[in-house]
Amino acid sequence: MSSPIRIVRALSCPVLSATLLLIAWIFSSLSMVTPSAAQEAPQITIESVVVEPSAPGPDTLCKLTVKLANGGNRTASQLDFKVQINGQDLPVYANQLFMFPVPAGESVDVPLYNFWSTETSRPLPPDGKLDIEVTLAAAQWMEVKLEEEVEVWRPLGPVEGLPISKSVPVSMSK
């Protein structure tokens, strides 16, 4: 049974070394893999999405509020929301950041923009239902403190685990 020795002898020393290094690198890379931001449990969560009135009629101005819970140990702000109604983006959120503080360990209501239940570009749905989806696409951890009697906000880095979404179905009245 001298064939295994012949195989090893047939491989040149540099080729064998390179192969072993490649195998070692692959195994070490696999052990260093960390979960991506999307897999991490977010420290900011959407507790609820509230639409008022709860059963709007056609052409009704609706108030939209989202309740955020901050499970982190710092204040969060620079909130980047995206809102969809029946899968259609509301363009007002495209370039907006909400500088609303969400203190560590607290839940707060964040008022978002009002919207019309129906519009020219979004007519009354045939089933009379609106699916309102609110996404917190990004946010920043913030340091908020007083310096010489002036409130100073400093971004500390992105909130991990975002985006997160929550939907609420709204049945329209006739």
# chains A, B, ... in the order shown; residues from 1 in each chain; ligands from 1
$ residues_around --residues "Glu143 (chain A)" --least-positions-apart "3" --cutoff "12 Å" --atoms "only C-alpha atoms" --output "ChimeraX atom specification"
/A:73-78,101-104,140,146-147,151-157
$ write_last_selection --atoms "C-alpha atoms" --output "compact mmCIF listing (two decimals), in the first residue's frame"
# COMPACT_ATOMS: atom_id res chain seq x y z
CA ASN A 73 -28.97 51.77 26.32
CA ARG A 74 -28.77 54.98 24.27
CA THR A 75 -31.22 57.43 22.74
CA ALA A 76 -32.17 56.72 19.12
CA SER A 77 -33.12 59.34 16.55
CA GLN A 78 -32.64 60.32 12.88
CA PRO A 101 -35.74 61.22 20.32
CA VAL A 102 -36.56 57.69 21.49
CA PRO A 103 -34.91 57.47 24.94
CA ALA A 104 -33.22 54.28 26.11
CA GLN A 140 -28.90 56.50 14.59
CA LEU A 146 -26.31 70.22 27.27
CA GLU A 147 -23.13 72.13 26.48
CA GLU A 151 -28.70 71.04 23.58
CA VAL A 152 -26.18 69.18 21.39
CA TRP A 153 -27.03 65.98 19.50
CA ARG A 154 -24.14 63.77 18.32
CA PRO A 155 -24.69 60.69 16.15
CA LEU A 156 -22.89 57.64 17.59
CA GLY A 157 -23.55 55.14 14.80
$ residues_around --residues "region 44-49 of chain A" --least-positions-apart "3" --cutoff "7 Å" --atoms "only C-alpha atoms" --output "list in words"
Thr65, Val66, Lys67, Leu68, Ala69, Asn70, Gly71, Lys166 and Val168 of chain A
$ residues_around --residues "Tyr113 (chain A)" --least-positions-apart "3" --cutoff "10 Å" --atoms "only C-alpha atoms" --output "PyMOL selection string"
chain A and resi 62-65+83+90+92-93+110
$ write_last_selection --atoms "N, CA, C and O atoms" --output "PDB file, in the first residue's frame"
ATOM      1  N   CYS A  62     -56.339  60.940   7.202  1.00  0.00           N
ATOM      2  CA  CYS A  62     -56.040  60.000   8.282  1.00  0.00           C
ATOM      3  C   CYS A  62     -54.764  60.409   9.009  1.00  0.00           C
ATOM      4  O   CYS A  62     -53.802  60.862   8.397  1.00  0.00           O
ATOM      5  N   LYS A  63     -54.807  60.237  10.314  1.00  0.00           N
ATOM      6  CA  LYS A  63     -53.651  60.517  11.164  1.00  0.00           C
ATOM      7  C   LYS A  63     -52.896  59.198  11.362  1.00  0.00           C
ATOM      8  O   LYS A  63     -53.509  58.165  11.653  1.00  0.00           O
ATOM      9  N   LEU A  64     -51.569  59.231  11.221  1.00  0.00           N
ATOM     10  CA  LEU A  64     -50.740  58.033  11.338  1.00  0.00           C
ATOM     11  C   LEU A  64     -49.728  58.223  12.466  1.00  0.00           C
ATOM     12  O   LEU A  64     -49.004  59.218  12.504  1.00  0.00           O
ATOM     13  N   THR A  65     -49.701  57.260  13.392  1.00  0.00           N
ATOM     14  CA  THR A  65     -48.773  57.294  14.522  1.00  0.00           C
ATOM     15  C   THR A  65     -48.142  55.917  14.664  1.00  0.00           C
ATOM     16  O   THR A  65     -48.822  54.899  14.498  1.00  0.00           O
ATOM     17  N   VAL A  83     -43.330  54.391   4.269  1.00  0.00           N
ATOM     18  CA  VAL A  83     -44.727  54.011   4.479  1.00  0.00           C
ATOM     19  C   VAL A  83     -45.317  53.610   3.137  1.00  0.00           C
ATOM     20  O   VAL A  83     -45.132  54.307   2.127  1.00  0.00           O
ATOM     21  N   LEU A  90     -45.535  56.012  -0.157  1.00  0.00           N
ATOM     22  CA  LEU A  90     -45.929  57.415  -0.027  1.00  0.00           C
ATOM     23  C   LEU A  90     -44.669  58.241  -0.238  1.00  0.00           C
ATOM     24  O   LEU A  90     -43.711  58.132   0.537  1.00  0.00           O
ATOM     25  N   VAL A  92     -43.737  61.248   0.292  1.00  0.00           N
ATOM     26  CA  VAL A  92     -43.322  62.257   1.260  1.00  0.00           C
ATOM     27  C   VAL A  92     -42.190  61.740   2.158  1.00  0.00           C
ATOM     28  O   VAL A  92     -41.414  62.522   2.699  1.00  0.00           O
ATOM     29  N   TYR A  93     -42.053  60.422   2.301  1.00  0.00           N
ATOM     30  CA  TYR A  93     -41.020  59.843   3.170  1.00  0.00           C
ATOM     31  C   TYR A  93     -39.686  59.618   2.461  1.00  0.00           C
ATOM     32  O   TYR A  93     -38.718  59.214   3.101  1.00  0.00           O
ATOM     33  N   VAL A 110     -44.551  58.229  17.898  1.00  0.00           N
ATOM     34  CA  VAL A 110     -43.954  59.141  16.929  1.00  0.00           C
ATOM     35  C   VAL A 110     -45.032  59.493  15.903  1.00  0.00           C
ATOM     36  O   VAL A 110     -45.504  58.613  15.167  1.00  0.00           O
TER      37      VAL A 110
END
$ atom_distance --atom1 "CA of Val51 (chain A)" --atom2 "CA of Asp109 (chain A)"
12.4 Å
$ residues_around --residues "Pro58 (chain A)" --least-positions-apart "4" --cutoff "9 Å" --atoms "only C-alpha atoms" --output "list in words"
Trp116, Ser117, Thr118, Glu119, Pro123, Leu124, Met172, Ser173 and Lys174 of chain A
$ select_by_dssp --residues "region 39-143 of chain A" --states "strand (DSSP E or B)" --output "PyMOL selection string"
chain A and resi 44-52+61-70+75-85+88-89+98+102+107-111+115-116+119+122+129-143
$ closest_residue --among "A:Ile132, A:Val108, A:Gly87, A:Gly72" --to "Pro42 (chain A)" --atoms "only C-alpha atoms"
A:Gly72
$ select_by_dssp --residues "region 24-131 of chain A" --states "alpha helix (DSSP H)" --output "ChimeraX atom specification"
/A:24-31
$ closest_residue --among "A:Val50, A:Ile85, A:Leu97, A:Val170" --to "Ala139 (chain A)" --atoms "only C-alpha atoms"
A:Leu97
